[in-house]
Amino acid sequence: MRDAEQTRQKILDISADEIHQNGFTATSLSIILKRCDISKGALYHHFSNKMELGYAVFEEVYTPMFLSMWAPAVEIEDPISGLCNFFEDMSKEMSCDEVVCGCPLNNLCQEMSGVDEGFRLRILNMQQQLNHLIAFNLQRVSSELREGLDFNQVAYFIVSSFHGSSSLSKSAKNKDLFDKVISELCCYIRHLRK
C-alpha cells in the first residue's frame with residue numbers, strides 16, 4: 001500500500017473512532033489531525049471537507065464493518081440459529097461501556113439522517129443491503145419456517161429490535177436492558193420455525 005493510501009486509511013480509521021466516541025457533529029478535525037500526526041493540507045488532500053470525510057467513514061468503514069458482522073450469522077446453513085448465536089454472543093461479550101457507547105452505525109444514523117440528505121441516502125442504502133442479506137437468507141430456508149412470513153418485514157423487525165435495544169441501553173446506561181431485549185428478540189427469531 002502506498003503512503004498516500006496508508007494515510008487515507010489512517011484518517012478513516014481514526015475518524016471512525018472519533019465519530020463513534022463523540023458523534024459526527026462534535027468530532028473535531030483538529031483532534032483527528034493530531035491523532036493522525038498529519039497536517040491540515042494532508043487531510044484536505046484526501047477529503048475536501050468534514051462532510052466528505054463523514055461520508056467516506058460511513059461508506060468505507062462503518063457499512064462494510066456492519067454488513068460483514070451480520071453476514072456470517074445469516075449465511076450459514078441455519079440462519080435462525082446463526083442469528084440467535086450472533087445476538088447471544090454479542091450480549092455476553094459486550095462490556096457495559098460498549099453498550100453505553102452504542103453501535104457506531106446506529107449512533108450516526110440517529111444523529112445525521114434527519115440533518116443531511118447525503119447521510120440519509122447512505123443510511124437507507126446500507127439498511128436496504130442489510131435487509132436484503134437477512135431476508136434472502138431466511139427465504140433460503142423458508143421450507144423450515146412458518147408459512148406466510150414476509151421476509152422483508154421480518155428482517156426489518158430484527159434489525160429495528162437490535163437497534164432499539166442499543167438505543168434504550170445507551171440512554172438508560174444499562175446493559176441489563178440490552179440483554180433482556182436481545183433475549184426476547186432471540187425468542188421471536190426461534191419462533192419463526194414451524
# chains A, B, ... in the order shown; residues from 1 in each chain; ligands from 1

$ closest_atom_pairs --of "region 103-132 of chain A" --to "region 136-152 of chain A" --cutoff "12 Å" --atoms "only C-alpha atoms" --output "JSON lines"
{"residue": "A:Gln127", "atom": "CA", "partner": "A:Asn152", "partner_atom": "CA", "distance": 11.4}
{"residue": "A:Gln128", "atom": "CA", "partner": "A:Asn152", "partner_atom": "CA", "distance": 9.6}
{"residue": "A:Gln129", "atom": "CA", "partner": "A:Phe136", "partner_atom": "CA", "distance": 10.4}
{"residue": "A:Leu130", "atom": "CA", "partner": "A:Phe136", "partner_atom": "CA", "distance": 9.9}
{"residue": "A:Asn131", "atom": "CA", "partner": "A:Asn152", "partner_atom": "CA", "distance": 6.6}
{"residue": "A:His132", "atom": "CA", "partner": "A:Phe136", "partner_atom": "CA", "distance": 5.7}

$ select_by_dssp --residues "region 37-168 of chain A" --states "helix (DSSP H, G or I)" --output "NGL selection string"
:A and (40-46 or 50-75 or 79-93 or 96-101 or 104-112 or 117-140 or 142-144 or 151-168)

$ atom_distance --atom1 "CA of Glu60 (chain A)" --atom2 "CA of Gly118 (chain A)"
14.6 Å

$ residues_around --residues "Ile31 (chain A)" --least-positions-apart "5" --cutoff "10 Å" --atoms "only C-alpha atoms" --output "number ranges by chain"
A: 14-15, 18, 36-37

$ write_last_selection --atoms "N, CA and C atoms" --output "mmCIF file, in the first residue's frame"
data_model
loop_
_atom_site.group_PDB
_atom_site.id
_atom_site.type_symbol
_atom_site.label_atom_id
_atom_site.label_comp_id
_atom_site.auth_asym_id
_atom_site.auth_seq_id
_atom_site.Cartn_x
_atom_site.Cartn_y
_atom_site.Cartn_z
ATOM 1 N N ILE A 14 -9.159 6.534 12.246
ATOM 2 C CA ILE A 14 -9.177 7.426 13.413
ATOM 3 C C ILE A 14 -10.456 8.253 13.427
ATOM 4 N N SER A 15 -10.899 8.700 12.270
ATOM 5 C CA SER A 15 -12.157 9.457 12.195
ATOM 6 C C SER A 15 -13.335 8.593 12.618
ATOM 7 N N GLU A 18 -13.287 8.490 16.348
ATOM 8 C CA GLU A 18 -13.710 9.777 16.914
ATOM 9 C C GLU A 18 -15.219 9.975 16.768
ATOM 10 N N CYS A 36 -3.690 11.588 13.940
ATOM 11 C CA CYS A 36 -3.078 11.049 12.715
ATOM 12 C C CYS A 36 -1.644 11.540 12.537
ATOM 13 N N ASP A 37 -1.302 12.602 13.251
ATOM 14 C CA ASP A 37 0.007 13.237 13.120
ATOM 15 C C ASP A 37 0.253 13.681 11.683
#

$ residues_around --residues "Ala73 (chain A)" --least-positions-apart "2" --cutoff "12 Å" --atoms "only C-alpha atoms" --output "NGL selection string"
:A and (66-71 or 75-90 or 130 or 133-134 or 137-138)

$ residues_around --residues "Phe119 (chain A)" --least-positions-apart "2" --cutoff "12 Å" --atoms "only C-alpha atoms" --output "number ranges by chain"
A: 24, 51-59, 105, 108-117, 121-126

$ atom_distance --atom1 "CA of Ile11 (chain A)" --atom2 "CA of His46 (chain A)"
8.9 Å

$ atom_distance --atom1 "CA of Glu5 (chain A)" --atom2 "CA of Thr63 (chain A)"
19.4 Å

$ closest_atom_pairs --of "region 45-137 of chain A" --to "region 170-178 of chain A" --cutoff "10 Å" --atoms "only C-alpha atoms" --output "Markdown table"
| residue | atom | partner | partner_atom | distance |
| --- | --- | --- | --- | --- |
| A:Ser91 | CA | A:Phe178 | CA | 7.4 |
| A:Met94 | CA | A:Lys175 | CA | 8.7 |
| A:Ser95 | CA | A:Lys175 | CA | 7.9 |
| A:Cys96 | CA | A:Lys175 | CA | 5.4 |
| A:Asp97 | CA | A:Lys173 | CA | 8.5 |
| A:Glu98 | CA | A:Lys175 | CA | 9.0 |
| A:Val99 | CA | A:Lys175 | CA | 6.2 |
| A:Val100 | CA | A:Lys170 | CA | 4.2 |
| A:Cys101 | CA | A:Lys170 | CA | 6.4 |
| A:Gly102 | CA | A:Lys170 | CA | 5.8 |
| A:Cys103 | CA | A:Lys170 | CA | 9.1 |
| A:Asn107 | CA | A:Lys170 | CA | 9.8 |

$ closest_residue --among "A:Lys92, A:Leu192, A:Leu12, A:Tyr62" --to "Val154 (chain A)" --atoms "only C-alpha atoms"
A:Leu192

$ closest_residue --among "A:Lys194, A:Arg120, A:Lys50, A:Lys10" --to "Thr25 (chain A)" --atoms "only C-alpha atoms"
A:Lys50

$ closest_residue --among "A:Glu93, A:Phe47, A:Lys180, A:Pro72" --to "Phe162 (chain A)" --atoms "only C-alpha atoms"
A:Lys180

$ closest_residue --among "A:Leu29, A:Ala42, A:Ile182, A:Ile19" --to "Ser160 (chain A)" --atoms "only C-alpha atoms"
A:Ile182
